[in-house]
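Data file: target.pdb. Format and content: PDB, C-alpha atoms.
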```pdb
ATOM      1  CA  MET A   1      12.605 -85.842 296.212  1.00  0.00           C
ATOM      2  CA  ARG A   2       9.331 -87.106 297.543  1.00  0.00           C
ATOM      3  CA  SER A   3       7.784 -85.493 300.555  1.00  0.00           C
ATOM      4  CA  LEU A   4       7.181 -87.625 303.591  1.00  0.00           C
ATOM      5  CA  LYS A   5       3.437 -87.052 303.328  1.00  0.00           C
ATOM      6  CA  LYS A   6       3.300 -88.702 299.901  1.00  0.00           C
ATOM      7  CA  ILE A   7       5.250 -91.803 300.881  1.00  0.00           C
ATOM      8  CA  LYS A   8       2.918 -94.630 301.781  1.00  0.00           C
ATOM      9  CA  ILE A   9       3.908 -96.765 304.714  1.00  0.00           C
ATOM     10  CA  LYS A  10       3.495-100.457 304.030  1.00  0.00           C
ATOM     11  CA  LYS A  11       2.168-102.720 306.730  1.00  0.00           C
ATOM     12  CA  ILE A  12       4.591-105.362 307.911  1.00  0.00           C
ATOM     13  CA  LYS A  13       3.244-108.828 307.318  1.00  0.00           C
ATOM     14  CA  LYS A  14       5.803-110.807 309.248  1.00  0.00           C
ATOM     15  CA  ARG A  15       7.562-109.140 312.108  1.00  0.00           C
ATOM     16  CA  LEU A  16      10.432-110.538 314.125  1.00  0.00           C
ATOM     17  CA  SER A  17       9.367-109.961 317.682  1.00  0.00           C
ATOM     18  CA  THR A  18      11.437-112.301 319.831  1.00  0.00           C
ATOM     19  CA  LYS A  19      15.177-112.611 320.197  1.00  0.00           C
ATOM     20  CA  ASP A  20      14.968-116.228 319.067  1.00  0.00           C
ATOM     21  CA  GLU A  21      13.247-115.275 315.798  1.00  0.00           C
ATOM     22  CA  VAL A  22      15.843-112.587 315.145  1.00  0.00           C
ATOM     23  CA  ARG A  23      18.666-115.049 315.863  1.00  0.00           C
ATOM     24  CA  LYS A  24      17.187-117.617 313.470  1.00  0.00           C
ATOM     25  CA  ALA A  25      16.714-115.043 310.718  1.00  0.00           C
ATOM     26  CA  ARG A  26      20.264-113.736 311.146  1.00  0.00           C
ATOM     27  CA  HIS A  27      21.698-117.262 311.097  1.00  0.00           C
ATOM     28  CA  SER A  28      19.750-118.054 307.931  1.00  0.00           C
ATOM     29  CA  LEU A  29      20.991-114.901 306.201  1.00  0.00           C
ATOM     30  CA  GLU A  30      24.578-115.612 307.222  1.00  0.00           C
ATOM     31  CA  LYS A  31      24.300-119.136 305.830  1.00  0.00           C
ATOM     32  CA  GLU A  32      22.912-117.871 302.519  1.00  0.00           C
ATOM     33  CA  THR A  33      25.666-115.258 302.308  1.00  0.00           C
ATOM     34  CA  GLU A  34      28.389-117.842 302.914  1.00  0.00           C
ATOM     35  CA  LYS A  35      26.908-120.087 300.235  1.00  0.00           C
ATOM     36  CA  ALA A  36      26.658-117.252 297.702  1.00  0.00           C
ATOM     37  CA  PHE A  37      30.229-116.145 298.420  1.00  0.00           C
ATOM     38  CA  ALA A  38      31.530-119.690 297.974  1.00  0.00           C
ATOM     39  CA  GLU A  39      29.792-119.936 294.593  1.00  0.00           C
ATOM     40  CA  PHE A  40      31.179-116.546 293.590  1.00  0.00           C
ATOM     41  CA  ALA A  41      34.709-117.548 294.598  1.00  0.00           C
ATOM     42  CA  LYS A  42      34.450-120.773 292.585  1.00  0.00           C
ATOM     43  CA  SER A  43      33.279-118.980 289.468  1.00  0.00           C
ATOM     44  CA  LYS A  44      35.977-116.328 289.832  1.00  0.00           C
ATOM     45  CA  GLN A  45      38.648-119.023 290.186  1.00  0.00           C
ATOM     46  CA  LYS A  46      37.292-120.787 287.114  1.00  0.00           C
ATOM     47  CA  ASP A  47      37.436-117.531 285.134  1.00  0.00           C
ATOM     48  CA  ARG A  48      41.054-117.024 286.176  1.00  0.00           C
ATOM     49  CA  GLU A  49      41.966-120.549 285.104  1.00  0.00           C
ATOM     50  CA  MET A  50      40.270-120.098 281.725  1.00  0.00           C
ATOM     51  CA  ALA A  51      42.027-116.775 281.161  1.00  0.00           C
ATOM     52  CA  HIS A  52      45.362-118.358 282.087  1.00  0.00           C
ATOM     53  CA  LEU A  53      44.803-121.214 279.650  1.00  0.00           C
ATOM     54  CA  LYS A  54      43.936-118.780 276.846  1.00  0.00           C
ATOM     55  CA  TYR A  55      47.066-116.790 277.646  1.00  0.00           C
ATOM     56  CA  LEU A  56      49.222-119.919 277.332  1.00  0.00           C
ATOM     57  CA  ASP A  57      47.759-120.896 273.945  1.00  0.00           C
TER
END
```
Since I need it in another form, could you write the structure as structure tokens?
Amino acid sequence: MRSLKKIKIKKIKKRLSTKDEVRKARHSLEKETEKAFAEFAKSKQKDREMAHLKYLD
């Protein structure tokens, strides 16, 4: 385990300082998450269909 003295603290380049900036960032992350989950669900459904077709053959 590293000691706290050895850990270097990085400077923050872009900081969210206003409530509006935080709201925009949160909304953007939620949108990206929804999109990624939709893609994941589609691929999982496709895998299930392919497995079902192989089972029937």
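Of note, atom CA of Ser17 of chain A and atom CA of Leu29 of chain A are spaced 17.1 Å apart.
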What separates atom CA of His52 of chain A and atom CA of Thr33 of chain A is a distance of 28.4 Å
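Atom to atom, atom CA of Arg26 of chain A and atom CA of Lys14 of chain A stand 14.9 Å apart.
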